[in-house]
file data-v3.tsv (TSV, C-alpha atoms and all ligand atoms)
chain	number	residue	atom	x	y	z
C	6	MET	CA	71.80	104.06	149.90
C	7	ALA	CA	68.09	103.48	149.41
C	8	GLY	CA	68.31	104.50	145.77
C	9	ARG	CA	71.47	102.61	145.03
C	10	TRP	CA	69.94	99.99	142.80
C	11	LYS	CA	67.67	102.32	140.91
C	12	ASN	CA	68.78	103.40	137.48
C	13	ASP	CA	69.23	107.00	138.57
C	14	LEU	CA	72.08	106.55	141.04
C	15	ASN	CA	75.16	104.38	141.21
C	16	TRP	CA	78.56	104.29	142.82
C	17	SER	CA	79.95	106.93	140.52
C	18	ASP	CA	77.45	109.51	141.70
C	19	VAL	CA	79.00	109.71	145.12
C	20	THR	CA	82.57	110.34	143.98
C	21	PRO	CA	83.85	113.50	142.32
C	22	LYS	CA	85.63	112.93	138.99
C	23	SER	CA	88.87	114.38	140.34
C	24	ALA	CA	89.05	111.53	142.82
C	25	TYR	CA	89.30	108.84	140.13
C	26	LEU	CA	92.58	107.00	140.17
C	27	THR	CA	94.78	105.72	137.40
C	28	ARG	CA	94.39	102.06	136.56
C	29	ARG	CA	97.66	101.12	138.23
C	30	GLN	CA	96.63	102.92	141.41
C	31	ILE	CA	93.31	101.14	141.29
C	32	MET	CA	94.95	97.74	140.96
C	33	ALA	CA	97.30	98.52	143.84
C	34	GLY	CA	94.35	99.72	145.89
C	35	ALA	CA	92.29	96.66	145.08
C	36	GLY	CA	95.19	94.46	146.19
C	37	ALA	CA	95.49	96.39	149.43
C	38	ALA	CA	91.78	96.07	150.06
C	39	ALA	CA	91.95	92.32	149.51
C	40	ILE	CA	94.87	91.98	151.93
C	41	GLY	CA	93.03	94.14	154.44
C	42	GLY	CA	90.11	91.77	154.25
C	43	ILE	CA	87.62	94.42	153.18
C	44	ALA	CA	84.57	92.48	152.07
C	45	GLY	CA	83.23	94.96	149.55
C	46	PRO	CA	84.20	97.98	147.52
C	47	ALA	CA	84.90	100.99	149.69
C	48	LEU	CA	85.28	103.69	147.05
C	49	ALA	CA	83.70	104.49	143.73
C	50	LYS	CA	86.46	104.17	141.16
C	51	LEU	CA	85.46	103.55	137.56
C	52	GLY	CA	82.77	106.21	137.40
C	53	ALA	CA	80.36	104.15	135.32
C	54	VAL	CA	77.13	105.87	134.34
C	55	PRO	CA	73.74	104.20	134.87
C	56	SER	CA	72.04	102.44	131.96
C	57	ALA	CA	68.42	101.95	131.00
C	58	TYR	CA	69.34	98.31	130.26
C	59	SER	CA	69.87	97.56	133.95
C	60	THR	CA	67.42	95.34	135.79
C	61	ASP	CA	66.10	96.57	139.09
C	62	ALA	CA	66.44	93.08	140.57
C	63	GLU	CA	68.63	93.09	143.66
C	64	PRO	CA	72.31	92.44	142.91
C	65	ASN	CA	74.24	89.69	144.62
C	66	SER	CA	76.87	90.79	147.11
C	67	TRP	CA	80.48	91.46	146.11
C	68	GLU	CA	81.33	88.41	148.18
C	69	ASP	CA	78.94	86.11	146.26
C	70	ILE	CA	80.08	87.38	142.87
C	71	THR	CA	83.80	87.09	143.60
C	72	SER	CA	83.92	83.84	145.58
C	73	TYR	CA	81.63	81.49	143.61
C	74	ASN	CA	83.06	81.32	140.10
C	75	ASN	CA	83.62	79.17	137.06
C	76	PHE	CA	87.04	79.84	135.53
C	77	TYR	CA	88.50	76.46	134.63
C	78	GLU	CA	91.92	77.93	133.82
C	79	PHE	CA	92.30	78.12	137.62
C	80	GLY	CA	90.64	74.81	138.47
C	81	THR	CA	87.21	73.27	138.37
C	82	GLY	CA	86.16	74.09	141.96
C	83	LYS	CA	83.88	77.07	142.54
C	84	ASP	CA	86.44	78.49	144.99
C	85	ASP	CA	89.55	77.81	142.86
C	86	PRO	CA	89.36	81.07	140.87
C	87	ALA	CA	89.23	83.19	144.05
C	88	LYS	CA	92.15	81.17	145.48
C	89	TYR	CA	94.47	81.23	142.47
C	90	ALA	CA	93.52	84.05	140.10
C	91	ASP	CA	95.55	86.71	141.91
C	92	LYS	CA	98.63	85.21	140.16
C	93	LEU	CA	97.36	86.37	136.77
C	94	THR	CA	99.20	89.40	135.36
C	95	THR	CA	96.60	91.68	133.80
C	96	ASP	CA	98.73	94.76	133.17
C	97	PRO	CA	100.06	95.07	130.49
C	98	TRP	CA	97.25	93.45	128.49
C	99	THR	CA	96.88	93.20	124.72
C	100	VAL	CA	93.87	92.15	122.68
C	101	THR	CA	94.54	91.05	119.11
C	102	ILE	CA	91.67	91.99	116.81
C	103	ASP	CA	91.92	90.24	113.45
C	104	GLY	CA	90.10	88.51	110.63
C	105	LEU	CA	87.55	90.40	108.56
C	106	VAL	CA	88.17	93.89	109.96
C	107	ASP	CA	89.47	97.10	108.40
C	108	ALA	CA	91.93	97.87	111.19
C	109	PRO	CA	93.39	94.59	112.49
C	110	GLY	CA	96.06	94.87	115.15
C	111	ASP	CA	97.24	94.37	118.68
C	112	TYR	CA	95.38	96.81	120.89
C	113	SER	CA	96.50	97.55	124.43
C	114	PHE	CA	93.86	97.64	127.13
C	115	ASP	CA	94.36	101.41	127.32
C	116	ASP	CA	93.88	101.79	123.51
C	117	ILE	CA	90.61	99.94	123.80
C	118	MET	CA	89.41	102.03	126.72
C	119	ALA	CA	90.43	105.39	125.25
C	120	GLY	CA	87.47	107.70	124.83
C	121	LEU	CA	84.89	105.20	126.04
C	122	THR	CA	82.18	106.01	128.55
C	123	LEU	CA	81.74	103.11	130.91
C	124	GLU	CA	78.22	102.12	131.83
C	125	GLU	CA	76.91	100.18	134.79
C	126	ARG	CA	74.81	97.28	133.49
C	127	ILE	CA	73.02	95.38	136.22
C	128	TYR	CA	72.20	92.10	134.49
C	129	ARG	CA	70.72	88.77	135.41
C	130	PHE	CA	73.32	86.03	134.91
C	131	ARG	CA	72.25	82.39	134.48
C	132	CYS	CA	74.77	79.55	134.44
C	133	VAL	CA	73.95	76.38	132.48
C	134	GLU	CA	74.44	74.54	135.80
C	135	ALA	CA	71.15	76.15	136.96
C	136	TRP	CA	72.43	78.72	139.45
C	137	SER	CA	72.04	82.43	138.89
C	138	MET	CA	73.10	85.82	140.18
C	139	VAL	CA	72.38	89.48	139.51
C	140	ILE	CA	75.63	91.29	138.74
C	141	PRO	CA	76.33	95.04	138.47
C	142	TRP	CA	78.83	94.89	135.59
C	143	VAL	CA	80.75	97.89	134.32
C	144	GLY	CA	81.53	97.96	130.64
C	145	PHE	CA	80.74	99.16	127.15
C	146	GLU	CA	78.87	97.77	124.17
C	147	LEU	CA	80.90	95.36	122.06
C	148	LYS	CA	79.37	97.10	119.05
C	149	ASP	CA	81.31	100.29	119.90
C	150	LEU	CA	84.60	98.39	119.68
C	151	LEU	CA	83.63	96.52	116.50
C	152	ASP	CA	82.52	99.75	114.84
C	153	ARG	CA	85.88	101.32	115.68
C	154	VAL	CA	87.88	98.53	114.00
C	155	GLY	CA	85.49	98.34	111.03
C	156	VAL	CA	83.68	95.06	110.39
C	157	GLN	CA	83.94	93.95	106.76
C	158	PRO	CA	80.81	92.89	104.83
C	159	ASP	CA	81.79	89.19	104.68
C	160	ALA	CA	82.01	88.86	108.46
C	161	LYS	CA	79.18	86.79	109.94
C	162	TYR	CA	80.58	85.71	113.32
C	163	VAL	CA	82.83	86.95	116.12
C	164	ALA	CA	85.25	84.52	117.79
C	165	PHE	CA	86.88	85.15	121.17
C	166	GLU	CA	89.84	83.54	122.94
C	167	THR	CA	91.11	83.62	126.52
C	168	LEU	CA	94.75	83.92	127.48
C	169	VAL	CA	96.91	80.78	127.59
C	170	ARG	CA	99.50	81.08	130.36
C	171	PRO	CA	99.85	77.83	132.32
C	172	ASP	CA	102.49	79.41	134.60
C	173	GLU	CA	99.83	81.70	135.99
C	174	MET	CA	96.76	79.61	135.30
C	175	PRO	CA	97.30	76.25	137.05
C	176	GLY	CA	94.12	74.70	135.62
C	177	GLN	CA	95.67	74.91	132.14
C	178	ARG	CA	98.12	72.18	133.09
C	179	PHE	CA	95.16	69.81	132.88
C	180	GLY	CA	93.27	68.88	129.74
C	181	VAL	CA	89.78	69.54	131.12
C	182	LEU	CA	89.19	71.72	128.07
C	183	ASP	CA	91.20	72.21	124.91
C	184	TRP	CA	92.91	75.57	125.71
C	185	PRO	CA	92.54	78.36	124.88
C	186	TYR	CA	88.95	78.73	126.10
C	187	ARG	CA	87.02	79.78	122.98
C	188	GLU	CA	83.65	81.32	122.44
C	189	GLY	CA	81.72	82.87	119.61
C	190	LEU	CA	78.64	84.83	118.63
C	191	ARG	CA	76.77	85.48	115.44
C	192	LEU	CA	77.54	89.03	114.29
C	193	ASP	CA	74.02	90.31	114.98
C	194	GLU	CA	74.22	88.91	118.52
C	195	ALA	CA	77.58	90.58	119.00
C	196	MET	CA	76.18	93.91	117.76
C	197	HIS	CA	73.13	93.76	120.04
C	198	PRO	CA	73.12	96.60	122.61
C	199	LEU	CA	72.80	94.12	125.51
C	200	THR	CA	76.13	92.50	124.57
C	201	ILE	CA	78.93	94.13	126.53
C	202	MET	CA	82.63	93.91	127.14
C	203	ALA	CA	82.86	94.18	130.91
C	204	THR	CA	85.88	95.68	132.64
C	205	GLY	CA	84.53	95.88	136.17
C	206	LEU	CA	81.77	95.23	138.63
C	207	TYR	CA	80.40	97.29	141.53
C	208	ASP	CA	82.27	100.19	139.89
C	209	GLU	CA	85.56	98.46	140.70
C	210	PRO	CA	88.04	97.10	138.14
C	211	MET	CA	87.20	93.51	137.22
C	212	PRO	CA	88.48	91.07	139.85
C	213	ASN	CA	90.79	88.47	138.28
C	214	GLN	CA	88.46	85.59	139.15
C	215	ASN	CA	85.67	87.29	137.17
C	216	GLY	CA	87.78	87.66	134.02
C	217	ALA	CA	90.11	90.65	134.36
C	218	PRO	CA	90.85	92.88	132.70
C	219	ILE	CA	88.19	92.43	130.01
C	220	ARG	CA	85.51	89.81	129.37
C	221	LEU	CA	82.34	89.30	127.40
C	222	VAL	CA	78.87	89.40	128.99
C	223	VAL	CA	75.85	88.18	126.99
C	224	PRO	CA	73.00	88.18	129.51
C	225	TRP	CA	70.41	86.15	127.55
C	226	LYS	CA	72.79	83.20	127.04
C	227	TYR	CA	74.08	80.61	129.51
C	228	GLY	CA	77.06	81.94	131.44
C	229	PHE	CA	79.68	79.86	129.64
C	230	LYS	CA	79.23	82.04	126.53
C	231	SER	CA	80.51	85.01	128.59
C	232	ILE	CA	84.20	84.30	128.05
C	233	LYS	CA	86.73	85.79	130.47
C	234	SER	CA	90.16	87.46	130.17
C	235	ILE	CA	89.97	87.92	126.40
C	236	VAL	CA	93.17	88.26	124.32
C	237	ARG	CA	91.79	87.73	120.84
C	238	ILE	CA	88.70	88.79	118.90
C	239	SER	CA	88.41	87.53	115.33
C	240	LEU	CA	85.76	88.38	112.75
C	241	THR	CA	84.99	85.32	110.64
C	242	ALA	CA	82.76	84.17	107.80
C	243	GLU	CA	82.18	80.72	109.34
C	244	GLU	CA	80.75	79.73	112.70
C	245	PRO	CA	83.80	79.43	114.98
C	246	PRO	CA	84.50	76.38	117.17
C	247	THR	CA	83.62	76.98	120.84
C	248	SER	CA	85.11	75.23	123.87
C	249	TRP	CA	82.10	73.60	125.50
C	250	ASN	CA	80.63	72.60	122.17
C	251	MET	CA	83.97	71.03	121.18
C	252	SER	CA	84.08	69.23	124.52
C	253	ASN	CA	80.49	67.90	124.37
C	254	ALA	CA	78.36	68.96	121.41
C	255	ARG	CA	75.33	67.00	122.60
C	256	GLU	CA	75.16	68.97	125.85
C	257	TYR	CA	76.34	72.44	124.80
C	258	GLY	CA	75.20	74.13	121.61
C	259	PHE	CA	76.69	77.12	119.85
C	260	TYR	CA	73.67	79.29	120.66
C	261	SER	CA	73.03	78.32	124.29
C	262	ASN	CA	70.26	80.83	124.76
C	263	VAL	CA	68.67	80.51	128.20
C	264	ASN	CA	65.53	78.46	127.65
C	265	PRO	CA	63.44	76.92	130.45
C	266	ASN	CA	61.69	74.66	127.92
C	267	VAL	CA	64.79	72.88	126.63
C	268	ASP	CA	66.40	70.73	129.31
C	269	HIS	CA	70.08	69.92	129.49
C	270	PRO	CA	70.40	66.17	128.77
C	271	ARG	CA	71.29	65.63	132.45
C	272	TRP	CA	69.09	68.16	134.30
C	273	SER	CA	66.09	70.44	134.01
C	274	GLN	CA	66.54	74.07	133.00
C	275	ALA	CA	63.05	75.07	134.18
C	276	THR	CA	64.21	76.60	137.47
C	277	GLU	CA	67.34	78.05	139.02
C	278	ARG	CA	68.92	78.66	142.42
C	279	LYS	CA	69.90	82.26	143.08
C	280	VAL	CA	73.33	82.15	144.73
C	281	GLY	CA	73.39	83.67	148.20
C	282	GLY	CA	69.83	82.73	149.08
C	283	GLY	CA	70.85	80.18	151.70
C	284	LEU	CA	70.39	76.44	151.80
C	285	PHE	CA	66.58	76.48	151.99
C	286	ALA	CA	65.86	79.26	149.52
C	287	ARG	CA	63.18	78.36	147.04
C	288	ARG	CA	64.24	77.85	143.42
C	289	ILE	CA	62.94	80.48	141.06
C	290	PRO	CA	61.51	79.93	137.57
C	291	THR	CA	63.99	80.43	134.75
C	292	LEU	CA	62.81	83.00	132.24
C	293	MET	CA	62.92	82.65	128.45
C	294	PHE	CA	66.13	84.31	127.22
C	295	ASN	CA	66.86	84.90	130.91
C	296	GLY	CA	64.24	87.64	131.00
C	297	TYR	CA	65.53	89.46	127.90
C	298	GLU	CA	62.96	87.99	125.51
C	299	ALA	CA	61.47	91.33	124.46
C	300	GLU	CA	64.91	92.60	123.47
C	301	VAL	CA	66.39	89.55	121.72
C	302	ALA	CA	63.70	87.08	120.59
C	303	SER	CA	63.58	88.63	117.12
C	304	LEU	CA	67.22	87.62	116.53
C	305	TYR	CA	65.96	84.03	116.32
C	306	ASP	CA	62.83	84.45	114.24
C	307	GLY	CA	62.19	81.32	112.21
C	308	MET	CA	64.73	79.21	114.11
C	309	ASP	CA	63.73	76.12	116.05
C	310	LEU	CA	65.05	76.95	119.52
C	311	ALA	CA	65.17	73.29	120.48
C	312	GLU	CA	67.32	72.43	117.48
C	313	PHE	CA	69.57	75.50	117.73
C	314	TYR	CA	69.97	75.18	121.49
J	1	LIG	N1	85.76	81.97	130.59
J	1	LIG	C1	86.90	81.28	130.65
J	1	LIG	N2	87.97	81.75	130.01
J	1	LIG	N3	87.02	80.12	131.35
J	1	LIG	C2	85.95	79.58	132.00
J	1	LIG	O1	86.09	78.50	132.62
J	1	LIG	N4	83.57	79.80	132.58
J	1	LIG	C3	82.29	80.26	132.05
J	1	LIG	C4	82.28	81.78	131.84
J	1	LIG	N5	83.50	82.21	131.20
J	1	LIG	C5	84.71	80.28	131.95
J	1	LIG	C6	84.66	81.50	131.24
J	1	LIG	C7	81.18	79.86	132.90
J	1	LIG	S1	80.74	78.22	132.86
J	1	LIG	C8	80.46	80.76	133.62
J	1	LIG	S2	79.03	80.31	134.44
J	1	LIG	C9	80.91	82.16	133.77
J	1	LIG	O2	82.15	82.42	133.11
J	1	LIG	C10	81.08	82.48	135.24
J	1	LIG	O3	81.36	83.85	135.40
J	1	LIG	P1	81.56	84.44	136.86
J	1	LIG	O4	82.55	83.56	137.57
J	1	LIG	O5	82.08	85.83	136.69
J	1	LIG	O6	80.21	84.42	137.54

call {"tool": "encode", "arguments": {"input": "data-v3.tsv", "output": "C-alpha cells", "more": "lines below"}}
Ligand code: MTE
result
Amino acid sequence: MAGRWKNDLNWSDVTPKSAYLTRRQIMAGAGAAAIGGIAGPALAKLGAVPSAYSTDAEPNSWEDITSYNNFYEFGTGKDDPAKYADKLTTDPWTVTIDGLVDAPGDYSFDDIMAGLTLEERIYRFRCVEAWSMVIPWVGFELKDLLDRVGVQPDAKYVAFETLVRPDEMPGQRFGVLDWPYREGLRLDEAMHPLTIMATGLYDEPMPNQNGAPIRLVVPWKYGFKSIKSIVRISLTAEEPPTSWNMSNAREYGFYSNVNPNVDHPRWSQATERKVGGGLFARRIPTLMFNGYEAEVASLYDGMDLAEFY
C-alpha cells in the first residue's frame, strides 16, 4: 500500500487481467457494495494504467469524492447527488457526436470504449466555490475520441451536453439552470493531453453522482467546466453557449481557468479548502491554472486572463 499513490503502482497492478468483470457485472457489484455499506472500493476492476500526468498529491477518500458533489440535475445540496443519483439509468448509454466531424453518429458507450486503454489520472480538482479535492480519475484523452471521429478543419470549439431525463433527475423539474447542462472548450483545449473523458475513479466505474457513465475532466479549469453524464459532443465553428455563463455571465466566463489573481465577484479565489481536512484545516493557496501552468499557460499566450476569465 505504501506505493499506492506513486505513478508506478495502482489498483490494476494487484488484480490479474482474467479477473476483470464485464461492465454489467461491475455495475451489479458496485450496487451490491453500496447496499452492503462498503465504504471504499474492494477490488480492482477497470485495470487503468498509471500516467505520468498524475500528481503525487494525496487523493481524497472514496467517501469524500462520492458524498460531496455538485450535480444540479439531482438537486442543489452537496448531498443530493449521492442521495438521488442511483435512479439514473446509465446502461444502455449513447453519445451523439455531430457537427463538424467526418463520422457523425450515435455511439454506444461500448463503441466509444472499444480498443481504448484506460489510464489512471490523479488530478487536482478545484471548484469555483473555492473547495478542492485530489481525485484518482480513470479515463482516456478526449483527443483520442476526437481523432477517431475526424475533426473537420472548420471546427474551432467542442460543445458538450448532459442527459435530460426529469423522471430520473429530480433537480431537472426546477429551473435552476436551463437544461440540458451545457459546456464547451476551444478545440486546442479539448485536444490538450490533460483533457480527459473519465469513466471511473479509484479504478471503479464512475459512480452516478460523479457523472456516470462518462464525463469530462479539465483539471486546470474550475470544476463546473467538467460536465457530467455526457450524451452529446458537437464540433462547432462558433463558441458554444455554456450553462453557467448563460445563467450569470458576469460571474462565470467561458474560459474559467483557475486563477488565484482574479476574484469571483462575490468571493476571493486566492485560497481554497481541501475537502476532508476537517473544520479547522488551514486553507491552502490556489495555484495558477490549478497547478498545471507549465502544461497549459501557452494555450493563452497574448490573452488577458482577467478579461477572458
Ligand atoms: N455537470 C452537470 N451535468 N451538472 C452539474 O451540476 N456541476 C459541475 C461539474 N459538472 C455539474 C456538472 C460542478 S459545479 C462541479 S464543481 C463538478 O461537476 C463537481 O464534480 P464532482 O461532484 O465529481 O466533484

call {"tool": "closest_residue", "arguments": {"input": "data-v3.tsv", "among": "C:Lys279, C:Leu93, C:Phe76, C:Phe229", "to": "Asp172 of chain C", "atoms": "only C-alpha atoms"}}
result
C:Leu93

call {"tool": "closest_residue", "arguments": {"input": "data-v3.tsv", "among": "C:Pro246, C:Pro97, C:Pro212, C:Gly307", "to": "ligand LIG 1 (chain J)", "atoms": "all atoms listed in the file"}}
result
C:Pro212

call {"tool": "axis_aligned_box", "arguments": {"input": "data-v3.tsv", "around": "ligand LIG 1 (chain J)", "padding_each_side": "8 Å", "output": "lines of an AutoDock Vina configuration file"}}
result
center_x = 83.5
center_y = 82.0
center_z = 133.8
size_x = 24.9
size_y = 23.6
size_z = 23.6

call {"tool": "residues_around", "arguments": {"input": "data-v3.tsv", "residues": "His269 of chain C", "least_positions_apart": "3", "cutoff": "9 Å", "atoms": "all atoms listed in the file", "output": "mmCIF file with C-alpha atoms, keeping the file's coordinate frame"}}
result
data_model
loop_
_atom_site.group_PDB
_atom_site.id
_atom_site.type_symbol
_atom_site.label_atom_id
_atom_site.label_comp_id
_atom_site.auth_asym_id
_atom_site.auth_seq_id
_atom_site.Cartn_x
_atom_site.Cartn_y
_atom_site.Cartn_z
ATOM 1 C CA VAL C 133 73.950 76.380 132.480
ATOM 2 C CA GLU C 134 74.440 74.540 135.800
ATOM 3 C CA GLU C 256 75.160 68.970 125.850
ATOM 4 C CA TYR C 257 76.340 72.440 124.800
ATOM 5 C CA TRP C 272 69.090 68.160 134.300
ATOM 6 C CA SER C 273 66.090 70.440 134.010
ATOM 7 C CA GLN C 274 66.540 74.070 133.000
#

call {"tool": "atom_distance", "arguments": {"input": "data-v3.tsv", "atom1": "atom CA of Phe285 of chain C", "atom2": "atom CA of Asp69 of chain C"}}
result
16.7 Å

call {"tool": "residues_near_ligand", "arguments": {"input": "data-v3.tsv", "ligand": "ligand LIG 1 (chain J)", "cutoff": "6 Å", "atoms": "all atoms listed in the file", "output": "ChimeraX atom specification"}}
result
/C:74-78,132,167,186,215,228-229,231-233

call {"tool": "closest_residue", "arguments": {"input": "data-v3.tsv", "among": "C:Ser137, C:Thr241, C:Asn213, C:Asn250", "to": "Pro64 of chain C", "atoms": "only C-alpha atoms"}}
result
C:Ser137

call {"tool": "closest_residue", "arguments": {"input": "data-v3.tsv", "among": "C:Asp115, C:Asp208, C:Glu188, C:Glu312", "to": "Gly144 of chain C", "atoms": "all atoms listed in the file"}}
result
C:Asp208

call {"tool": "closest_residue", "arguments": {"input": "data-v3.tsv", "among": "C:Gln214, C:Ser239, C:Gln177, C:Thr94", "to": "Ala108 of chain C", "atoms": "only C-alpha atoms"}}
result
C:Ser239

call {"tool": "atom_distance", "arguments": {"input": "data-v3.tsv", "atom1": "atom CA of Asp193 of chain C", "atom2": "atom CA of Ala62 of chain C"}}
result
26.8 Å

call {"tool": "closest_residue", "arguments": {"input": "data-v3.tsv", "among": "C:Thr204, C:Thr71, C:Ser56, C:Asn65", "to": "Ile117 of chain C", "atoms": "only C-alpha atoms"}}
result
C:Thr204

call {"tool": "atom_distance", "arguments": {"input": "data-v3.tsv", "atom1": "atom CA of Leu121 of chain C", "atom2": "atom CA of Ile140 of chain C"}}
result
21.0 Å

call {"tool": "closest_atom_pairs", "arguments": {"input": "data-v3.tsv", "of": "segment 138-240 of chain C", "to": "segment 81-84 of chain C", "cutoff": "12 Å", "atoms": "only C-alpha atoms", "output": "Markdown table"}}
result
| residue | atom | partner | partner_atom | distance |
| --- | --- | --- | --- | --- |
| C:Met174 | CA | C:Thr81 | CA | 11.9 |
| C:Pro175 | CA | C:Thr81 | CA | 10.6 |
| C:Gly176 | CA | C:Thr81 | CA | 7.6 |
| C:Gln177 | CA | C:Thr81 | CA | 10.6 |
| C:Phe179 | CA | C:Thr81 | CA | 10.3 |
| C:Gly180 | CA | C:Thr81 | CA | 11.4 |
| C:Val181 | CA | C:Thr81 | CA | 8.5 |
| C:Leu182 | CA | C:Thr81 | CA | 10.6 |
| C:Gln214 | CA | C:Asp84 | CA | 9.4 |
| C:Asn215 | CA | C:Lys83 | CA | 11.7 |

call {"tool": "residues_around", "arguments": {"input": "data-v3.tsv", "residues": "Ile201 of chain C", "least_positions_apart": "4", "cutoff": "8 Å", "atoms": "all atoms listed in the file", "output": "PyMOL selection string"}}
result
chain C and resi 144-147+221-223

call {"tool": "write_last_selection", "arguments": {"input": "data-v3.tsv", "atoms": "C-alpha atoms", "output": "PDB file, keeping the file's coordinate frame"}}
result
ATOM      1  CA  GLY C 144      81.530  97.960 130.640  1.00  0.00           C
ATOM      2  CA  PHE C 145      80.740  99.160 127.150  1.00  0.00           C
ATOM      3  CA  GLU C 146      78.870  97.770 124.170  1.00  0.00           C
ATOM      4  CA  LEU C 147      80.900  95.360 122.060  1.00  0.00           C
ATOM      5  CA  LEU C 221      82.340  89.300 127.400  1.00  0.00           C
ATOM      6  CA  VAL C 222      78.870  89.400 128.990  1.00  0.00           C
ATOM      7  CA  VAL C 223      75.850  88.180 126.990  1.00  0.00           C
TER       8      VAL C 223
END

call {"tool": "residues_around", "arguments": {"input": "data-v3.tsv", "residues": "Asp116 of chain C", "least_positions_apart": "6", "cutoff": "12 Å", "atoms": "only C-alpha atoms", "output": "list in words"}}
result
Pro97, Trp98, Thr99, Val100, Thr101, Gly110, Leu150, Arg153 and Val154 of chain C

call {"tool": "residues_around", "arguments": {"input": "data-v3.tsv", "residues": "Ala275 of chain C", "least_positions_apart": "2", "cutoff": "10 Å", "atoms": "only C-alpha atoms", "output": "VMD selection string"}}
result
chain C and resid 135 263 to 269 272 to 273 277 288 to 293

call {"tool": "residues_around", "arguments": {"input": "data-v3.tsv", "residues": "Ala53 of chain C", "least_positions_apart": "4", "cutoff": "7 Å", "atoms": "only C-alpha atoms", "output": "PyMOL selection string"}}
result
chain C and resi 17+123-125+143+208

call {"tool": "build_atoms", "arguments": {"input": "data-v3.tsv", "residues": "segment 206-218 of chain C", "atoms": "N, CA, C and O atoms", "output": "PDB file, in the coordinates of the input"}}
result
ATOM      1  N   LEU C 206      83.070  95.465 138.003  1.00  0.00           N
ATOM      2  CA  LEU C 206      81.770  95.230 138.630  1.00  0.00           C
ATOM      3  C   LEU C 206      81.734  96.022 139.930  1.00  0.00           C
ATOM      4  O   LEU C 206      82.779  96.313 140.516  1.00  0.00           O
ATOM      5  N   TYR C 207      80.542  96.402 140.367  1.00  0.00           N
ATOM      6  CA  TYR C 207      80.400  97.290 141.530  1.00  0.00           C
ATOM      7  C   TYR C 207      81.288  98.524 141.392  1.00  0.00           C
ATOM      8  O   TYR C 207      81.844  98.995 142.378  1.00  0.00           O
ATOM      9  N   ASP C 208      81.444  99.009 140.176  1.00  0.00           N
ATOM     10  CA  ASP C 208      82.270 100.190 139.890  1.00  0.00           C
ATOM     11  C   ASP C 208      83.739 100.032 140.276  1.00  0.00           C
ATOM     12  O   ASP C 208      84.473 101.007 140.385  1.00  0.00           O
ATOM     13  N   GLU C 209      84.157  98.794 140.440  1.00  0.00           N
ATOM     14  CA  GLU C 209      85.560  98.460 140.700  1.00  0.00           C
ATOM     15  C   GLU C 209      86.119  97.782 139.453  1.00  0.00           C
ATOM     16  O   GLU C 209      85.369  97.136 138.719  1.00  0.00           O
ATOM     17  N   PRO C 210      87.448  97.868 139.239  1.00  0.00           N
ATOM     18  CA  PRO C 210      88.040  97.100 138.140  1.00  0.00           C
ATOM     19  C   PRO C 210      87.705  95.620 138.299  1.00  0.00           C
ATOM     20  O   PRO C 210      87.538  95.141 139.419  1.00  0.00           O
ATOM     21  N   MET C 211      87.617  94.907 137.193  1.00  0.00           N
ATOM     22  CA  MET C 211      87.200  93.510 137.220  1.00  0.00           C
ATOM     23  C   MET C 211      88.147  92.688 138.107  1.00  0.00           C
ATOM     24  O   MET C 211      89.360  92.687 137.880  1.00  0.00           O
ATOM     25  N   PRO C 212      87.622  91.995 139.094  1.00  0.00           N
ATOM     26  CA  PRO C 212      88.480  91.070 139.850  1.00  0.00           C
ATOM     27  C   PRO C 212      88.986  89.966 138.919  1.00  0.00           C
ATOM     28  O   PRO C 212      88.271  89.552 138.003  1.00  0.00           O
ATOM     29  N   ASN C 213      90.211  89.487 139.171  1.00  0.00           N
ATOM     30  CA  ASN C 213      90.790  88.470 138.280  1.00  0.00           C
ATOM     31  C   ASN C 213      89.885  87.257 138.129  1.00  0.00           C
ATOM     32  O   ASN C 213      89.730  86.723 137.022  1.00  0.00           O
ATOM     33  N   GLN C 214      89.273  86.816 139.230  1.00  0.00           N
ATOM     34  CA  GLN C 214      88.460  85.590 139.150  1.00  0.00           C
ATOM     35  C   GLN C 214      87.211  85.781 138.289  1.00  0.00           C
ATOM     36  O   GLN C 214      86.611  84.809 137.852  1.00  0.00           O
ATOM     37  N   ASN C 215      86.839  87.024 138.033  1.00  0.00           N
ATOM     38  CA  ASN C 215      85.670  87.290 137.170  1.00  0.00           C
ATOM     39  C   ASN C 215      86.058  87.597 135.729  1.00  0.00           C
ATOM     40  O   ASN C 215      85.182  87.903 134.916  1.00  0.00           O
ATOM     41  N   GLY C 216      87.380  87.522 135.422  1.00  0.00           N
ATOM     42  CA  GLY C 216      87.780  87.660 134.020  1.00  0.00           C
ATOM     43  C   GLY C 216      88.511  88.937 133.669  1.00  0.00           C
ATOM     44  O   GLY C 216      88.364  89.455 132.558  1.00  0.00           O
ATOM     45  N   ALA C 217      89.321  89.445 134.622  1.00  0.00           N
ATOM     46  CA  ALA C 217      90.110  90.650 134.360  1.00  0.00           C
ATOM     47  C   ALA C 217      91.054  90.434 133.196  1.00  0.00           C
ATOM     48  O   ALA C 217      91.478  89.319 132.948  1.00  0.00           O
ATOM     49  N   PRO C 218      91.400  91.540 132.501  1.00  0.00           N
ATOM     50  CA  PRO C 218      90.850  92.880 132.700  1.00  0.00           C
ATOM     51  C   PRO C 218      89.610  93.117 131.830  1.00  0.00           C
ATOM     52  O   PRO C 218      88.923  94.104 132.021  1.00  0.00           O
TER      53      PRO C 218
END
